[in-house]
Structure formats: structure tokens, C-alpha cells
$ cat data.cif   # mmCIF, C-alpha atoms
data_final
loop_
_atom_site.label_atom_id
_atom_site.label_comp_id
_atom_site.auth_asym_id
_atom_site.auth_seq_id
_atom_site.Cartn_x
_atom_site.Cartn_y
_atom_site.Cartn_z
CA MET A 1 -96.09 112.34 24.11
CA ILE A 2 -98.47 109.38 24.29
CA GLN A 3 -97.83 109.05 28.01
CA ARG A 4 -98.78 112.73 28.47
CA SER A 5 -101.98 112.14 26.53
CA ILE A 6 -102.81 109.15 28.75
CA LEU A 7 -102.38 111.30 31.87
CA PHE A 8 -104.60 113.97 30.32
CA ILE A 9 -107.26 111.37 29.49
CA GLU A 10 -107.10 110.06 33.05
CA ASP A 11 -107.67 113.54 34.48
CA ASN A 12 -110.70 114.01 32.23
CA LEU A 13 -112.36 110.59 32.22
CA PHE A 14 -115.57 112.01 33.68
CA ASN A 15 -115.59 115.15 31.55
CA PRO A 16 -116.72 115.49 27.94
CA LEU A 17 -113.60 114.29 26.16
CA SER A 18 -113.12 114.44 22.42
CA LEU A 19 -110.13 112.83 20.80
CA LYS A 20 -109.49 116.15 19.07
CA THR A 21 -109.04 117.69 22.52
CA ALA A 22 -106.68 114.90 23.61
CA ALA A 23 -104.63 115.38 20.43
CA GLY A 24 -104.52 119.13 20.95
CA HIS A 25 -103.19 118.64 24.48
CA VAL A 26 -100.00 117.10 23.03
CA HIS A 27 -99.93 119.52 20.07
CA ILE A 28 -100.41 117.11 17.18
CA SER A 29 -103.20 116.60 14.68
CA PRO A 30 -106.02 114.12 15.43
CA TRP A 31 -104.75 112.12 12.44
CA HIS A 32 -101.27 111.65 13.90
CA PHE A 33 -102.67 111.17 17.41
CA HIS A 34 -104.92 108.29 16.34
CA ARG A 35 -102.14 106.55 14.45
CA LEU A 36 -99.54 106.93 17.20
CA PHE A 37 -101.86 106.03 20.05
CA ARG A 38 -103.01 102.86 18.36
CA MET A 39 -99.48 101.89 17.41
CA VAL A 40 -98.21 102.38 20.95
CA ALA A 41 -101.21 101.18 22.98
CA GLY A 42 -102.37 98.44 20.64
CA GLU A 43 -105.90 99.82 20.38
CA PRO A 44 -107.65 103.05 19.34
CA ALA A 45 -107.77 105.85 21.89
CA ALA A 46 -111.58 105.75 21.90
CA VAL A 47 -111.53 102.07 22.89
CA TYR A 48 -108.97 102.74 25.62
CA ILE A 49 -111.07 105.59 27.06
CA ARG A 50 -114.18 103.43 27.02
CA LYS A 51 -112.45 100.57 28.86
CA ARG A 52 -110.99 102.92 31.47
CA ARG A 53 -114.37 104.51 32.15
CA PHE A 54 -116.09 101.15 32.59
CA SER A 55 -113.22 99.85 34.73
CA ILE A 56 -113.90 102.68 37.18
CA ALA A 57 -117.65 102.06 36.93
CA ALA A 58 -117.08 98.38 37.74
CA MET A 59 -115.03 99.33 40.79
CA GLU A 60 -117.72 101.73 42.02
CA LEU A 61 -120.41 99.07 41.61
CA LEU A 62 -118.52 96.91 44.10
CA GLU A 63 -117.01 99.50 46.45
CA SER A 64 -119.67 102.21 46.71
CA ASN A 65 -123.33 102.47 47.61
CA LYS A 66 -124.11 104.68 44.63
CA ARG A 67 -127.19 103.85 42.65
CA ILE A 68 -126.48 102.54 39.19
CA ILE A 69 -128.14 105.56 37.59
CA GLU A 70 -125.74 107.82 39.56
CA ILE A 71 -122.74 105.98 38.17
CA ALA A 72 -124.28 106.14 34.71
CA VAL A 73 -124.73 109.92 34.93
CA GLU A 74 -121.12 110.35 36.11
CA LEU A 75 -120.02 108.58 32.92
CA GLY A 76 -122.18 110.85 30.79
CA PHE A 77 -125.02 108.42 30.02
CA ALA A 78 -128.50 109.88 29.78
CA SER A 79 -130.34 106.75 30.95
CA HIS A 80 -129.98 103.58 32.97
CA GLU A 81 -130.78 101.56 29.84
CA ALA A 82 -128.03 103.10 27.72
CA PHE A 83 -125.46 102.56 30.48
CA THR A 84 -126.56 98.94 31.00
CA ARG A 85 -126.33 98.19 27.29
CA SER A 86 -122.84 99.64 26.98
CA PHE A 87 -121.60 98.08 30.23
CA LYS A 88 -122.70 94.65 29.05
CA GLN A 89 -120.96 95.13 25.70
CA VAL A 90 -117.68 95.77 27.51
CA THR A 91 -117.89 93.34 30.45
CA GLY A 92 -120.30 90.67 29.22
CA ILE A 93 -122.84 91.16 32.05
CA THR A 94 -125.18 93.91 33.25
CA PRO A 95 -124.25 96.32 36.06
CA GLU A 96 -126.86 94.67 38.31
CA GLN A 97 -125.34 91.23 37.75
CA TYR A 98 -121.86 92.59 38.32
CA ARG A 99 -122.86 94.11 41.67
CA ILE A 100 -124.72 90.98 42.80
CA ARG A 101 -121.79 88.70 42.04
CA GLY A 102 -119.50 90.91 44.10
CA LEU A 103 -116.40 89.81 42.20
CA SER A 104 -113.97 92.13 40.44
CA THR A 105 -113.86 90.44 37.03
CA PHE A 106 -113.29 93.54 34.90
CA HIS A 107 -110.26 95.69 35.63
CA TYR A 108 -108.46 97.77 33.03
CA PRO A 109 -105.63 99.80 34.60
CA MET A 110 -104.24 103.03 33.26
CA LEU A 111 -101.54 102.38 30.68
CA SER A 112 -98.04 103.44 31.64
CA PHE A 113 -95.01 103.01 29.43
CA THR A 114 -91.29 103.33 29.79
CA ASP A 115 -89.17 104.52 26.88
CA ASN A 116 -87.97 100.98 26.22
CA GLU A 117 -91.50 99.62 26.09
CA LEU A 118 -92.62 102.36 23.74
CA PHE A 119 -89.80 102.38 21.27
CA SER A 120 -88.20 98.96 21.08
CA THR A 121 -85.87 98.52 18.12
CA ALA A 122 -85.84 94.73 18.48
CA SER A 123 -87.69 94.39 15.16
CA PHE A 124 -84.63 95.63 13.23
CA PRO A 125 -81.27 93.89 12.81
CA THR A 126 -79.64 97.32 12.52
CA THR A 127 -80.83 100.77 13.49
CA PRO A 128 -82.80 102.23 10.54
CA ASP A 129 -81.22 105.20 8.81
CA VAL A 130 -83.49 108.26 8.72
CA ARG A 131 -82.49 111.13 6.45
CA ILE A 132 -83.99 114.55 5.76
CA ILE A 133 -84.66 115.54 2.17
CA SER A 134 -86.55 118.30 0.39
CA LEU A 135 -88.68 117.37 -2.61
CA ASN A 136 -89.97 119.79 -5.20
CA SER A 137 -93.66 119.64 -6.03
CA LEU A 138 -94.60 116.44 -7.79
CA GLN A 139 -97.64 114.64 -9.14
CA VAL A 140 -98.82 111.08 -8.74
CA SER A 141 -101.26 109.54 -11.20
CA GLY A 142 -103.30 106.56 -10.12
CA LEU A 143 -106.45 105.12 -8.61
CA ARG A 144 -107.73 106.40 -5.29
CA LEU A 145 -109.25 104.34 -2.49
CA LYS A 146 -111.52 106.67 -0.50
CA GLY A 147 -112.87 106.76 3.04
CA LEU A 148 -110.45 104.48 4.90
CA ASN A 149 -110.55 104.82 8.68
CA ILE A 150 -107.90 104.22 11.33
CA SER A 151 -110.11 104.45 14.42
CA ALA A 152 -112.12 101.20 14.38
CA SER A 153 -110.68 98.14 16.11
CA PHE A 154 -110.69 96.10 12.89
CA SER A 155 -109.44 98.89 10.64
CA MET A 156 -105.69 98.20 10.39
CA GLU A 157 -106.06 94.75 8.84
CA HIS A 158 -109.02 95.86 6.74
CA ASN A 159 -107.15 98.87 5.37
CA GLN A 160 -104.11 96.78 4.47
CA LYS A 161 -106.25 94.29 2.55
CA GLU A 162 -108.02 97.09 0.68
CA ILE A 163 -104.72 98.72 -0.27
CA GLU A 164 -103.26 95.41 -1.43
CA CYS A 165 -106.34 94.84 -3.62
CA LEU A 166 -105.90 98.31 -5.10
CA TRP A 167 -102.28 97.60 -6.04
CA ARG A 168 -103.25 94.28 -7.62
CA SER A 169 -105.92 96.01 -9.69
CA ILE A 170 -103.40 98.45 -11.22
CA HIS A 171 -100.54 95.96 -11.52
CA PRO A 172 -100.84 95.55 -15.32
CA ALA A 173 -100.43 99.32 -15.75
CA VAL A 174 -97.46 99.77 -13.41
CA GLU A 175 -95.50 96.50 -13.51
CA PHE A 176 -92.92 97.76 -16.04
CA HIS A 177 -92.34 101.10 -14.27
CA GLN A 178 -89.60 101.40 -11.71
CA GLU A 179 -90.96 104.40 -9.79
CA GLN A 180 -94.31 103.30 -8.43
CA ALA A 181 -95.82 105.53 -5.79
CA GLY A 182 -98.40 105.33 -3.04
CA VAL A 183 -99.82 108.37 -1.25
CA ILE A 184 -101.57 108.42 2.13
CA ILE A 185 -103.89 111.44 2.06
CA PRO A 186 -105.45 112.49 5.41
CA THR A 187 -108.99 113.78 4.83
CA GLY A 188 -109.95 114.86 8.34
CA GLY A 189 -110.26 113.24 11.75
CA THR A 190 -109.34 109.58 11.52
CA ARG A 191 -110.09 109.14 7.83
CA PHE A 192 -107.77 109.04 4.84
CA ASP A 193 -107.60 108.17 1.15
CA TYR A 194 -104.91 106.07 -0.47
CA LEU A 195 -103.69 106.69 -4.02
CA ALA A 196 -101.68 104.00 -5.82
CA GLY A 197 -99.97 104.70 -9.15
CA LEU A 198 -96.94 106.32 -10.76
CA LEU A 199 -95.03 109.57 -10.55
CA THR A 200 -96.24 111.53 -13.57
CA ASP A 201 -92.83 112.97 -14.33
CA LEU A 202 -91.69 109.40 -14.97
CA ALA A 203 -94.80 108.26 -16.82
CA HIS A 204 -96.49 109.35 -20.02
CA PRO A 205 -99.91 110.78 -19.15
CA HIS A 206 -101.41 109.92 -22.53
CA CYS A 207 -100.57 106.26 -21.89
CA LEU A 208 -102.27 106.11 -18.51
CA PRO A 209 -105.74 104.58 -18.02
CA GLY A 210 -108.55 107.05 -18.48
CA ASN A 211 -110.03 106.48 -15.01
CA TRP A 212 -106.84 107.51 -13.23
CA GLU A 213 -106.61 110.84 -11.44
CA VAL A 214 -103.64 113.15 -10.88
CA PHE A 215 -102.79 114.20 -7.33
CA SER A 216 -100.41 117.10 -6.71
CA ILE A 217 -98.05 117.24 -3.72
CA PRO A 218 -96.44 120.60 -2.92
CA LYS A 219 -92.75 121.17 -2.23
CA ARG A 220 -92.03 119.81 1.22
CA THR A 221 -89.41 118.51 3.64
CA TYR A 222 -89.56 114.83 4.52
CA ALA A 223 -88.03 112.39 6.94
CA VAL A 224 -87.21 109.38 4.77
CA CYS A 225 -86.44 105.79 5.71
CA SER A 226 -85.92 102.88 3.32
CA HIS A 227 -87.54 99.53 3.94
CA TRP A 228 -86.58 96.11 2.60
CA GLY A 229 -88.52 92.94 3.28
CA SER A 230 -92.01 92.17 4.48
CA LEU A 231 -94.76 94.77 4.37
CA ALA A 232 -95.80 93.50 7.79
CA ASP A 233 -92.77 95.31 9.26
CA LEU A 234 -93.80 98.75 7.97
CA PRO A 235 -95.73 99.69 11.15
CA HIS A 236 -92.60 98.96 13.19
CA LEU A 237 -90.59 101.25 10.94
CA PHE A 238 -93.11 104.06 11.27
CA LYS A 239 -93.14 103.56 15.03
CA TYR A 240 -89.35 103.85 15.09
CA MET A 241 -89.35 107.00 12.96
CA VAL A 242 -91.89 108.89 15.06
CA GLY A 243 -90.71 107.36 18.33
CA ASN A 244 -86.97 106.90 18.61
CA TRP A 245 -85.83 109.18 15.84
CA LEU A 246 -88.33 112.05 15.99
CA SER A 247 -88.21 112.32 19.79
CA GLU A 248 -84.50 113.17 19.52
CA ALA A 249 -84.50 115.17 16.27
CA GLU A 250 -85.05 118.87 15.72
CA PHE A 251 -88.09 118.12 13.56
CA GLU A 252 -91.79 117.58 14.19
CA LEU A 253 -94.60 115.99 12.22
CA VAL A 254 -96.57 118.02 9.70
CA TYR A 255 -100.17 117.23 8.80
CA GLY A 256 -100.24 116.32 5.13
CA PRO A 257 -99.83 113.53 2.56
CA GLU A 258 -97.27 110.82 3.21
CA LEU A 259 -95.44 109.32 0.27
CA GLU A 260 -94.28 105.79 -0.48
CA LEU A 261 -91.85 105.40 -3.40
CA TYR A 262 -91.22 101.87 -4.65
CA ARG A 263 -87.98 100.94 -6.39
CA PHE A 264 -85.58 98.03 -6.85
CA ASP A 265 -82.05 97.82 -5.48
CA PRO A 266 -79.11 96.64 -7.67
CA GLU A 267 -79.73 93.05 -6.59
CA GLY A 268 -83.36 93.15 -7.64
CA GLY A 269 -84.82 93.47 -4.16
CA ARG A 270 -87.84 95.70 -3.67
CA VAL A 271 -87.30 98.84 -1.60
CA ILE A 272 -89.95 101.17 -0.19
CA ASP A 273 -88.83 104.71 0.67
CA ILE A 274 -91.20 106.01 3.35
CA HIS A 275 -91.59 109.81 3.27
CA ILE A 276 -93.16 111.49 6.33
CA PRO A 277 -93.67 115.29 6.13
CA VAL A 278 -91.81 117.19 8.83
CA GLN A 279 -90.66 120.68 9.70
CA LYS A 280 -88.10 122.15 12.06
CA ARG A 281 -89.40 122.70 15.59
#
$ encode --input "data.cif" --output "C-alpha cells"
Amino acid sequence: MIQRSILFIEDNLFNPLSLKTAAGHVHISPWHFHRLFRMVAGEPAAVYIRKRRFSIAAMELLESNKRIIEIAVELGFASHEAFTRSFKQVTGITPEQYRIRGLSTFHYPMLSFTDNELFSTASFPTTPDVRIISLNSLQVSGLRLKGLNISASFSMEHNQKEIECLWRSIHPAVEFHQEQAGVIIPTGGTRFDYLAGLLTDLAHPHCLPGNWEVFSIPKRTYAVCSHWGSLADLPHLFKYMVGNWLSEAEFELVYGPELELYRFDPEGGRVIDIHIPVQKR
């Protein structure tokens, strides 16, 4: 799927190209597209597109007689100044300097992946077990972190720190409850909210802090995978679920809240049950 989107991007590098359009080409939501592309490619799709466009511009500066303003217009820039500013941000020098030097110092080839490169399971000692369950409607009470973004280059680490701070802030209220819950709530495009708290059917609403809100999740089918160990491995687990497992299953992703349920195993180890909404193809 990501490889198809890369080919589509390549065919439309010099056309107006929104990430919503790229996501639509592979029939998934912009939310899922952003997350998957970054996880697979190691950078946001917008950054990849920008580097590819300027890689071609750099090649044309050296191999063609086009005026710089012509190359700028091909890339969709309205002025020589805007193109020069952006080119320097990406390559470190101006287009004029790049052409004068005559050396190809900026080259960013089209990404191309094999199945093994995309979906390595080397991060796991055993193949993770993914199961399908149906949950009735439920409610989570907690504090919400609003306006997180997955598109910026710094966002993954920033989001994780913000979410960890949120959990620390509510720790006194949830530490004696077994069924803690986190909810990833897409809010449009590349943005989402994160709610940390407790399942209300396992908590007593009158005992909850007054500044907590209640979030309702409708009845839904989920792909579920349990995670033990470091939180740093969670992205690898998600990548496995939507890569290896989902590519071979009869299910597809559904746009909607994702659920994390926290519990303890019989030996006292912490387990996170990752719930990703799916439906039959």
C-alpha cells in the first residue's frame, strides 16, 4: 500500500498534490496514511515529497539550461525568492550557488521497499498474536490532551513525552485501578487527542476528579494485540499489526478511536492490549 502511494506521488510530483489525495489513492484515511507512511519511510509524507521535488530541481540545475524561475514554476513556486528560500532550507545553499558549483551534492532517490524491508519481525522474539474481538459500547473517564499532531518531523517524540506527562498527572487517581485506559481520538487530518483515565464501568463516577470528562466509544470490532515490556516497542507492534497481519487478513482499518487497555498479568507484569478498529473487507 505504501509502495503504491510512493509511485502515485512520483507520478504527480509536479502537480498540485495534497496528502488527502495520496491517501485516497490507496483507499485509507489521511490519519492512517500519515501514521503508516511515517512508520514505514521514517519521515512524514510531506517531508518526503518536498525532498523528492528538490532532488529533481537540483538535478535540473546541473543538467539543463532552464532558468531558475522556470524550475521554480514547475515546482509550483510563485516567485524566484520563495523557491530560493525553500531550496536553501533543504540543501543548505541557494540554487545559484548549486548551479555554479556544478556538483551533485543533494540527491534523494525515490523510496522503494521489499516486503521484508517493510515488515520485519526482527523486533519480536515470537510472532505477535493478533485476535479479533467485538466490544460493546463503553465509556472512558479521564483527562484529554488536545491538538497533538503526527505530521511534523519532531512530533513522534514530542507526542510521547506529552502523553507520558498526562499519565503522570493522573497517576494518584488511577494507581489502585487495574483497568486503566488510553484512547487515541483522531480529530481530522493529521491531528488527534489522547484521553488517559479509567473505564467507567469499572470506576465509580462520583469518586472521579471533577475536571475529568467522559468519552463514549460505540460498539465495534477490533484487532487486538497484547504488549509486554518497553513502551518504545509499541510502534513496532503497530507496524506489525497493520503490515504483516493486516495485509494477509480479511479485515481493513476503520477510521475511529483506538483503545489501549492496561492490566497486570498473574506475575505482576504490565500488559497493554492494543485495540485497532477494523471491519471485514
$ residues_near_point --input "data.cif" --point "(-111.7, 103.8, 29.1)" --cutoff "12 Å" --atoms "all atoms listed in the file" --output "PyMOL selection string"
chain A and resi 6+9-14+17+43-58+75+87+90+106-111
$ resolve_selection --input "data.cif" --expression "the PyMOL selection byres ((chain A and resi 263) around 10)" --output "count of residues only"
17
$ closest_residue --input "data.cif" --among "A:Lys161, A:His80, A:His32, A:Arg281" --to "A:Leu231" --atoms "only C-alpha atoms"
A:Lys161
$ closest_residue --input "data.cif" --among "A:Lys146, A:Arg38, A:Thr127, A:Gly197" --to "A:Ser169" --atoms "all atoms listed in the file"
A:Gly197
$ closest_residue --input "data.cif" --among "A:Thr105, A:Ser64, A:Gly76, A:Ala232" --to "A:Ile93" --atoms "all atoms listed in the file"
A:Thr105
$ closest_atom_pairs --input "data.cif" --of "stretch 234-275 of chain A" --to "stretch 210-224 of chain A" --cutoff "12 Å" --atoms "only C-alpha atoms" --output "tab-separated table"
residue	atom	partner	partner_atom	distance
A:Leu237	CA	A:Val224	CA	10.8
A:Phe238	CA	A:Val224	CA	10.3
A:Tyr240	CA	A:Ala223	CA	11.9
A:Met241	CA	A:Ala223	CA	8.2
A:Val242	CA	A:Ala223	CA	9.6
A:Trp245	CA	A:Ala223	CA	9.7
A:Leu246	CA	A:Ala223	CA	9.1
A:Ala249	CA	A:Ala223	CA	10.4
A:Glu250	CA	A:Ala223	CA	11.3
A:Phe251	CA	A:Ala223	CA	8.8
A:Glu252	CA	A:Ala223	CA	9.7
A:Leu253	CA	A:Ala223	CA	9.2
A:Val254	CA	A:Tyr222	CA	9.3
A:Tyr255	CA	A:Arg220	CA	11.4
A:Gly256	CA	A:Ile217	CA	9.2
A:Pro257	CA	A:Ile217	CA	7.5
A:Glu258	CA	A:Tyr222	CA	8.8
A:Leu259	CA	A:Tyr222	CA	9.1
A:Glu260	CA	A:Val224	CA	9.5
A:Leu261	CA	A:Val224	CA	10.2
A:Ile272	CA	A:Val224	CA	10.0
A:Asp273	CA	A:Val224	CA	6.4
A:Ile274	CA	A:Val224	CA	5.4
A:His275	CA	A:Val224	CA	4.6
$ decode --input "data.cif" --residues "stretch 214-236 of chain A" --atoms "N, CA and C atoms" --output "mmCIF file, in the first residue's frame"
data_model
loop_
_atom_site.group_PDB
_atom_site.id
_atom_site.type_symbol
_atom_site.label_atom_id
_atom_site.label_comp_id
_atom_site.auth_asym_id
_atom_site.auth_seq_id
_atom_site.Cartn_x
_atom_site.Cartn_y
_atom_site.Cartn_z
ATOM 1 N N VAL A 214 -16.010 12.375 30.228
ATOM 2 C CA VAL A 214 -16.399 11.009 29.859
ATOM 3 C C VAL A 214 -16.468 10.928 28.339
ATOM 4 N N PHE A 215 -15.768 9.948 27.768
ATOM 5 C CA PHE A 215 -15.750 9.764 26.326
ATOM 6 C C PHE A 215 -16.387 8.422 25.992
ATOM 7 N N SER A 216 -17.361 8.449 25.093
ATOM 8 C CA SER A 216 -18.088 7.228 24.727
ATOM 9 C C SER A 216 -17.528 6.628 23.444
ATOM 10 N N ILE A 217 -17.376 5.307 23.440
ATOM 11 C CA ILE A 217 -16.891 4.570 22.273
ATOM 12 C C ILE A 217 -17.983 3.586 21.870
ATOM 13 N N PRO A 218 -18.458 3.651 20.630
ATOM 14 C CA PRO A 218 -19.548 2.760 20.223
ATOM 15 C C PRO A 218 -19.098 1.312 20.081
ATOM 16 N N LYS A 219 -20.073 0.419 19.994
ATOM 17 C CA LYS A 219 -19.792 -0.996 19.756
ATOM 18 C C LYS A 219 -18.976 -1.135 18.481
ATOM 19 N N ARG A 220 -17.933 -1.953 18.536
ATOM 20 C CA ARG A 220 -17.029 -2.005 17.385
ATOM 21 C C ARG A 220 -16.199 -3.285 17.418
ATOM 22 N N THR A 221 -15.710 -3.670 16.235
ATOM 23 C CA THR A 221 -14.812 -4.806 16.095
ATOM 24 C C THR A 221 -13.372 -4.304 16.103
ATOM 25 N N TYR A 222 -12.512 -5.023 16.828
ATOM 26 C CA TYR A 222 -11.126 -4.605 16.955
ATOM 27 C C TYR A 222 -10.174 -5.758 16.641
ATOM 28 N N ALA A 223 -9.038 -5.389 16.070
ATOM 29 C CA ALA A 223 -7.879 -6.279 16.069
ATOM 30 C C ALA A 223 -7.099 -5.954 17.335
ATOM 31 N N VAL A 224 -6.791 -6.978 18.122
ATOM 32 C CA VAL A 224 -6.174 -6.761 19.437
ATOM 33 C C VAL A 224 -4.861 -7.531 19.523
ATOM 34 N N CYS A 225 -3.853 -6.863 20.066
ATOM 35 C CA CYS A 225 -2.561 -7.488 20.294
ATOM 36 C C CYS A 225 -2.059 -7.048 21.660
ATOM 37 N N SER A 226 -1.522 -7.958 22.429
ATOM 38 C CA SER A 226 -1.044 -7.652 23.774
ATOM 39 C C SER A 226 0.450 -7.385 23.754
ATOM 40 N N HIS A 227 0.839 -6.391 24.539
ATOM 41 C CA HIS A 227 2.243 -5.981 24.560
ATOM 42 C C HIS A 227 2.792 -6.013 25.979
ATOM 43 N N TRP A 228 3.935 -6.680 26.142
ATOM 44 C CA TRP A 228 4.684 -6.661 27.387
ATOM 45 C C TRP A 228 5.995 -5.916 27.138
ATOM 46 N N GLY A 229 6.508 -5.278 28.136
ATOM 47 C CA GLY A 229 7.839 -4.689 28.001
ATOM 48 C C GLY A 229 7.820 -3.209 27.729
ATOM 49 N N SER A 230 8.863 -2.737 27.081
ATOM 50 C CA SER A 230 9.113 -1.310 26.902
ATOM 51 C C SER A 230 8.072 -0.655 26.002
ATOM 52 N N LEU A 231 7.680 0.567 26.384
ATOM 53 C CA LEU A 231 6.770 1.339 25.543
ATOM 54 C C LEU A 231 7.424 1.714 24.217
ATOM 55 N N ALA A 232 8.752 1.719 24.184
ATOM 56 C CA ALA A 232 9.461 2.079 22.963
ATOM 57 C C ALA A 232 9.194 1.081 21.837
ATOM 58 N N ASP A 233 8.736 -0.136 22.187
ATOM 59 C CA ASP A 233 8.470 -1.156 21.172
ATOM 60 C C ASP A 233 7.055 -1.073 20.593
ATOM 61 N N LEU A 234 6.215 -0.211 21.145
ATOM 62 C CA LEU A 234 4.835 -0.129 20.666
ATOM 63 C C LEU A 234 4.737 0.217 19.178
ATOM 64 N N PRO A 235 5.543 1.170 18.657
ATOM 65 C CA PRO A 235 5.450 1.436 17.214
ATOM 66 C C PRO A 235 5.751 0.211 16.370
ATOM 67 N N HIS A 236 6.676 -0.644 16.819
ATOM 68 C CA HIS A 236 6.988 -1.862 16.066
ATOM 69 C C HIS A 236 5.788 -2.805 16.058
#
